[in-house]
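Student: What follows is my_file-v9.cif, made up of mmCIF, C-alpha atoms:
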```cif
data_final
loop_
_atom_site.group_PDB
_atom_site.id
_atom_site.type_symbol
_atom_site.label_atom_id
_atom_site.label_comp_id
_atom_site.auth_asym_id
_atom_site.auth_seq_id
_atom_site.Cartn_x
_atom_site.Cartn_y
_atom_site.Cartn_z
ATOM 1 C CA MET Y 1 7.065 32.028 29.652
ATOM 2 C CA LYS Y 2 4.361 29.624 28.525
ATOM 3 C CA VAL Y 3 2.283 30.687 25.528
ATOM 4 C CA GLU Y 4 -1.148 29.028 25.169
ATOM 5 C CA ILE Y 5 -3.131 28.551 21.945
ATOM 6 C CA ASP Y 6 -6.663 29.862 21.457
ATOM 7 C CA SER Y 7 -9.100 26.929 21.204
ATOM 8 C CA PHE Y 8 -11.245 28.693 18.572
ATOM 9 C CA SER Y 9 -9.005 30.915 16.446
ATOM 10 C CA GLY Y 10 -5.595 29.308 16.937
ATOM 11 C CA TYR Y 11 -3.989 32.629 18.013
ATOM 12 C CA LYS Y 12 -1.293 32.798 20.687
ATOM 13 C CA ILE Y 13 -2.381 33.742 24.217
ATOM 14 C CA TYR Y 14 0.358 35.318 26.312
ATOM 15 C CA PRO Y 15 0.456 35.023 30.133
ATOM 16 C CA SER Y 16 -2.165 37.040 32.058
ATOM 17 C CA LYS Y 17 -4.255 37.439 28.883
ATOM 18 C CA GLY Y 18 -7.386 35.685 27.676
ATOM 19 C CA ARG Y 19 -10.171 33.750 29.286
ATOM 20 C CA LEU Y 20 -10.596 30.167 30.434
ATOM 21 C CA PHE Y 21 -13.797 28.177 29.896
ATOM 22 C CA VAL Y 22 -14.307 24.774 31.536
ATOM 23 C CA ARG Y 23 -17.122 22.662 30.113
ATOM 24 C CA GLY Y 24 -19.267 20.282 32.175
ATOM 25 C CA ASP Y 25 -17.154 17.266 31.130
ATOM 26 C CA SER Y 26 -14.047 19.067 32.548
ATOM 27 C CA LYS Y 27 -12.588 19.927 29.118
ATOM 28 C CA VAL Y 28 -10.679 23.238 29.214
ATOM 29 C CA PHE Y 29 -10.966 25.836 26.422
ATOM 30 C CA ARG Y 30 -8.804 28.961 26.259
ATOM 31 C CA PHE Y 31 -9.793 32.096 24.356
ATOM 32 C CA ALA Y 32 -7.684 35.155 23.465
ATOM 33 C CA ASN Y 33 -10.641 37.572 23.681
ATOM 34 C CA GLY Y 34 -14.399 37.802 24.139
ATOM 35 C CA LYS Y 35 -15.058 37.641 20.396
ATOM 36 C CA ASN Y 36 -13.543 34.155 20.149
ATOM 37 C CA GLU Y 37 -15.395 32.974 23.238
ATOM 38 C CA SER Y 38 -18.703 34.351 21.944
ATOM 39 C CA LEU Y 39 -18.320 32.632 18.564
ATOM 40 C CA PHE Y 40 -17.396 29.365 20.294
ATOM 41 C CA LEU Y 41 -20.449 29.536 22.558
ATOM 42 C CA GLN Y 42 -22.649 30.222 19.499
ATOM 43 C CA ARG Y 43 -21.251 26.945 18.132
ATOM 44 C CA LYS Y 44 -19.760 28.599 15.045
ATOM 45 C CA ASN Y 45 -17.412 26.474 13.006
ATOM 46 C CA PRO Y 46 -13.886 28.019 12.964
ATOM 47 C CA ARG Y 47 -13.231 26.331 9.583
ATOM 48 C CA LYS Y 48 -15.833 28.624 7.994
ATOM 49 C CA ILE Y 49 -14.619 31.891 9.559
ATOM 50 C CA ALA Y 50 -12.011 33.438 7.296
ATOM 51 C CA TRP Y 51 -9.689 35.026 9.889
ATOM 52 C CA THR Y 52 -9.080 31.891 12.026
ATOM 53 C CA GLN Y 53 -5.877 29.874 11.718
ATOM 54 C CA VAL Y 54 -7.832 26.684 10.954
ATOM 55 C CA TYR Y 55 -9.510 28.355 7.950
ATOM 56 C CA ARG Y 56 -6.174 29.721 6.685
ATOM 57 C CA ARG Y 57 -4.531 26.312 7.016
ATOM 58 C CA MET Y 58 -7.410 24.583 5.188
ATOM 59 C CA HIS Y 59 -7.332 27.081 2.312
ATOM 60 C CA LYS Y 60 -3.508 27.130 2.088
ATOM 61 C CA LYS Y 61 -3.165 30.819 2.954
ATOM 62 C CA GLY Y 62 0.196 32.270 4.014
ATOM 63 C CA LEU Y 63 2.195 29.205 3.024
ATOM 64 C CA ALA Y 64 4.067 30.917 0.150
ATOM 65 C CA GLU Y 65 6.908 32.193 2.367
ATOM 66 C CA GLU Y 66 7.367 28.835 4.025
ATOM 67 C CA ALA Y 67 7.350 26.929 0.718
ATOM 68 C CA SER Y 68 10.123 29.094 -0.748
ATOM 69 C CA LYS Y 69 12.312 28.473 2.323
ATOM 70 C CA LYS Y 70 11.821 24.726 2.270
ATOM 71 C CA ARG Y 71 14.110 22.775 -0.045
ATOM 72 C CA THR Y 72 13.570 19.154 -0.889
ATOM 73 C CA ARG Y 73 16.422 16.807 -1.671
ATOM 74 C CA ARG Y 74 15.922 14.694 -4.717
ATOM 75 C CA THR Y 75 17.157 11.120 -4.626
ATOM 76 C CA VAL Y 76 19.760 10.216 -7.207
ATOM 77 C CA LYS Y 77 19.723 6.698 -8.625
ATOM 78 C CA HIS Y 78 23.012 4.848 -8.789
ATOM 79 C CA GLN Y 79 23.677 1.454 -10.298
ATOM 80 C CA ARG Y 80 25.953 -0.836 -8.344
ATOM 81 C CA GLY Y 81 27.060 -4.391 -8.864
ATOM 82 C CA ILE Y 82 25.603 -7.190 -6.767
ATOM 83 C CA VAL Y 83 27.724 -9.782 -4.979
ATOM 84 C CA GLY Y 84 28.767 -12.327 -7.594
ATOM 85 C CA ALA Y 85 27.965 -10.095 -10.600
ATOM 86 C CA ASP Y 86 29.600 -6.824 -11.617
ATOM 87 C CA LEU Y 87 27.808 -3.906 -13.264
ATOM 88 C CA ALA Y 88 28.839 -4.961 -16.790
ATOM 89 C CA ALA Y 89 27.396 -8.471 -16.327
ATOM 90 C CA ILE Y 90 24.114 -7.038 -15.047
ATOM 91 C CA ALA Y 91 23.879 -4.633 -18.006
ATOM 92 C CA ALA Y 92 24.610 -7.482 -20.457
ATOM 93 C CA ARG Y 93 21.910 -9.647 -18.878
ATOM 94 C CA ARG Y 94 19.400 -6.791 -19.059
ATOM 95 C CA ASN Y 95 20.128 -6.149 -22.762
ATOM 96 C CA GLN Y 96 19.709 -9.820 -23.747
ATOM 97 C CA THR Y 97 16.892 -10.667 -26.130
ATOM 98 C CA GLU Y 98 14.319 -13.352 -25.477
ATOM 99 C CA ILE Y 99 15.930 -15.689 -28.057
ATOM 100 C CA ASP Y 100 19.320 -15.458 -26.315
ATOM 101 C CA ARG Y 101 17.704 -16.257 -22.980
ATOM 102 C CA THR Y 102 15.947 -19.367 -24.354
ATOM 103 C CA LYS Y 103 19.190 -20.598 -25.981
ATOM 104 C CA ALA Y 104 21.095 -20.163 -22.718
ATOM 105 C CA ARG Y 105 18.341 -21.952 -20.810
ATOM 106 C CA GLN Y 106 18.345 -24.920 -23.243
ATOM 107 C CA ALA Y 107 22.142 -25.175 -23.040
ATOM 108 C CA ALA Y 108 22.015 -25.188 -19.222
ATOM 109 C CA ILE Y 109 19.351 -27.924 -19.238
ATOM 110 C CA ALA Y 110 21.391 -30.062 -21.649
ATOM 111 C CA ARG Y 111 24.523 -29.589 -19.503
ATOM 112 C CA ALA Y 112 22.633 -30.624 -16.343
ATOM 113 C CA LYS Y 113 21.229 -33.736 -18.041
ATOM 114 C CA ALA Y 114 24.710 -34.766 -19.255
ATOM 115 C CA GLU Y 115 26.160 -34.366 -15.744
ATOM 116 C CA LYS Y 116 23.336 -36.453 -14.283
ATOM 117 C CA LYS Y 117 23.918 -39.203 -16.866
ATOM 118 C CA ASP Y 118 27.667 -39.274 -16.131
ATOM 119 C CA LYS Y 119 26.996 -39.481 -12.398
ATOM 120 C CA GLU Y 120 24.589 -42.410 -12.834
ATOM 121 C CA SER Y 121 27.020 -44.316 -15.044
ATOM 122 C CA LYS Y 122 29.781 -43.965 -12.445
ATOM 123 C CA LYS Y 123 27.610 -45.351 -9.646
ATOM 124 C CA ASP Y 124 28.440 -48.849 -8.414
ATOM 125 C CA LYS Y 125 25.922 -51.437 -9.507
ATOM 126 C CA THR Y 126 26.910 -53.697 -6.584
ATOM 127 C CA LYS Y 127 24.659 -51.903 -4.147
ATOM 128 C CA VAL Y 128 21.540 -53.445 -5.723
ATOM 129 C CA ARG Y 129 20.316 -56.115 -3.270
ATOM 130 C CA PRO Y 130 18.941 -59.436 -4.471
ATOM 131 C CA ASN Y 131 15.237 -60.213 -4.148
ATOM 132 C CA VAL Y 132 15.426 -62.625 -1.166
ATOM 133 C CA PRO Y 133 12.596 -62.832 1.322
ATOM 134 C CA SER Y 134 13.832 -62.132 4.845
ATOM 135 C CA GLY Y 135 11.192 -64.122 6.744
ATOM 136 C CA PRO Y 136 7.852 -65.901 6.445
ATOM 137 C CA LYS Y 137 5.236 -64.193 4.331
ATOM 138 C CA VAL Y 138 2.676 -62.376 6.413
ATOM 139 C CA SER Y 139 -0.390 -60.658 5.026
ATOM 140 C CA LYS Y 140 -1.056 -57.010 5.742
ATOM 141 C CA GLN Y 141 -4.075 -57.929 7.838
ATOM 142 C CA GLN Y 142 -1.947 -60.164 10.071
ATOM 143 C CA MET Y 143 0.562 -57.341 10.518
ATOM 144 C CA LYS Y 144 -2.234 -55.113 11.750
ATOM 145 C CA GLY Y 145 -3.365 -57.706 14.268
ATOM 146 C CA GLY Y 146 -6.249 -59.249 12.354
ATOM 147 C CA LYS Y 147 -7.248 -62.917 12.347
ATOM 148 C CA ALA Y 148 -4.555 -65.263 11.145
ATOM 149 C CA VAL Y 149 -5.426 -67.473 8.190
ATOM 150 C CA VAL Y 150 -5.082 -71.090 9.357
ATOM 151 C CA ASP Y 151 -5.182 -74.230 7.261
ATOM 152 C CA ARG Y 152 -8.541 -76.046 7.703
ATOM 153 C CA SER Y 153 -7.008 -79.526 7.877
ATOM 154 C CA VAL Y 154 -5.032 -78.503 10.970
ATOM 155 C CA VAL Y 155 -8.155 -77.117 12.636
ATOM 156 C CA LEU Y 156 -10.083 -80.292 11.813
ATOM 157 C CA SER Y 157 -7.399 -82.585 13.227
ATOM 158 C CA VAL Y 158 -7.191 -80.535 16.447
ATOM 159 C CA GLY Y 159 -10.977 -80.649 16.761
ATOM 160 C CA VAL Y 160 -11.032 -84.438 16.355
ATOM 161 C CA PHE Y 161 -8.289 -84.801 18.966
ATOM 162 C CA LEU Y 162 -10.160 -82.665 21.500
ATOM 163 C CA PHE Y 163 -13.392 -84.566 20.836
ATOM 164 C CA SER Y 164 -11.711 -87.908 21.438
ATOM 165 C CA LEU Y 165 -10.093 -86.563 24.603
ATOM 166 C CA CYS Y 166 -13.477 -85.457 25.877
ATOM 167 C CA ILE Y 167 -15.039 -88.863 25.217
ATOM 168 C CA THR Y 168 -12.263 -90.700 27.016
ATOM 169 C CA ARG Y 169 -12.605 -88.459 30.058
ATOM 170 C CA THR Y 170 -16.364 -88.967 30.263
ATOM 171 C CA ARG Y 171 -15.886 -92.773 30.075
ATOM 172 C CA MET Y 172 -13.304 -92.661 32.849
ATOM 173 C CA SER Y 173 -15.467 -90.551 35.095
ATOM 174 C CA SER Y 174 -18.464 -92.863 34.606
ATOM 175 C CA CYS Y 175 -16.396 -95.927 35.518
ATOM 176 C CA CYS Y 176 -15.060 -94.602 38.761
#
```
Can you present the structure in this file as structure tokens?
Tutor:
Amino acid sequence: MKVEIDSFSGYKIYPSKGRLFVRGDSKVFRFANGKNESLFLQRKNPRKIAWTQVYRRMHKKGLAEEASKKRTRRTVKHQRGIVGADLAAIAARRNQTEIDRTKARQAAIARAKAEKKDKESKKDKTKVRPNVPSGPKVSKQQMKGGKAVVDRSVVLSVGVFLFSLCITRTRMSSCC
């Protein structure tokens, strides 16, 4: 047996009871009696009519019986140890004063510095490579593909050679 709910009042509508109203946009409204249908068609707000379920729900009416039946479970806080530290260690850390914390921090820093110093002194000094150039010195611009810096005396001597070669060729061509 399917029980419907009144669209206006929120009452139950049992089979073969009530009326059905279908609006122009095909939305279906069900009413338990003519009074509910009439109020709906007058566009009355069910939140302002005291006997409707919506009004009662808004104004918290009839919830006293339900509230007494409902029991809530309260969460109980427990303290447990974390991996690597038991409960006593956590409690001791929590009860430390600010001065104790700063002292412990300074001691840890000093210990770390001493370990680092020992490690550096044990390192082999042989791994330091000598300052020997591996190849000819090349400027950064040459590495990037810029113009190479050439000695002017070399350029001059090449120019003189080419000039003399040109002159000799022109003489030979004029002779023949």
Student: Going by the chain IDs and residue numbers used in this file, which residues fall under the PyMOL selection byres ((chain Y and resi 47) around 10)? Write them as a PDB file with C-alpha atoms, in the coordinates of the input.
Tutor:
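What landed in selection.pdb:
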```pdb
ATOM      1  CA  PHE Y   8     -11.245  28.693  18.572  1.00  0.00           C
ATOM      2  CA  SER Y   9      -9.005  30.915  16.446  1.00  0.00           C
ATOM      3  CA  LYS Y  44     -19.760  28.599  15.045  1.00  0.00           C
ATOM      4  CA  ASN Y  45     -17.412  26.474  13.006  1.00  0.00           C
ATOM      5  CA  PRO Y  46     -13.886  28.019  12.964  1.00  0.00           C
ATOM      6  CA  LYS Y  48     -15.833  28.624   7.994  1.00  0.00           C
ATOM      7  CA  ILE Y  49     -14.619  31.891   9.559  1.00  0.00           C
ATOM      8  CA  ALA Y  50     -12.011  33.438   7.296  1.00  0.00           C
ATOM      9  CA  TRP Y  51      -9.689  35.026   9.889  1.00  0.00           C
ATOM     10  CA  THR Y  52      -9.080  31.891  12.026  1.00  0.00           C
ATOM     11  CA  GLN Y  53      -5.877  29.874  11.718  1.00  0.00           C
ATOM     12  CA  VAL Y  54      -7.832  26.684  10.954  1.00  0.00           C
ATOM     13  CA  TYR Y  55      -9.510  28.355   7.950  1.00  0.00           C
ATOM     14  CA  ARG Y  56      -6.174  29.721   6.685  1.00  0.00           C
ATOM     15  CA  ARG Y  57      -4.531  26.312   7.016  1.00  0.00           C
ATOM     16  CA  MET Y  58      -7.410  24.583   5.188  1.00  0.00           C
ATOM     17  CA  HIS Y  59      -7.332  27.081   2.312  1.00  0.00           C
TER      18      HIS Y  59
END
```
Student: Could you tell me which residues the PyMOL selection byres ((chain Y and resi 24-38) around 10) grabs in this file, written as a ChimeraX atom specification?
Tutor: /Y:4-14,17-23,39-44,46,52
Student: As lines of an AutoDock Vina configuration file, please report the centre and edge lengths, rounded to one decimal in Å, of the axis-aligned box that holds all listed atoms of region 91-100 of chain Y with 4 Å of padding on each of the six sides.
Tutor:
```
center_x = 19.5
center_y = -10.2
center_z = -23.0
size_x = 18.3
size_y = 19.1
size_z = 18.1
```
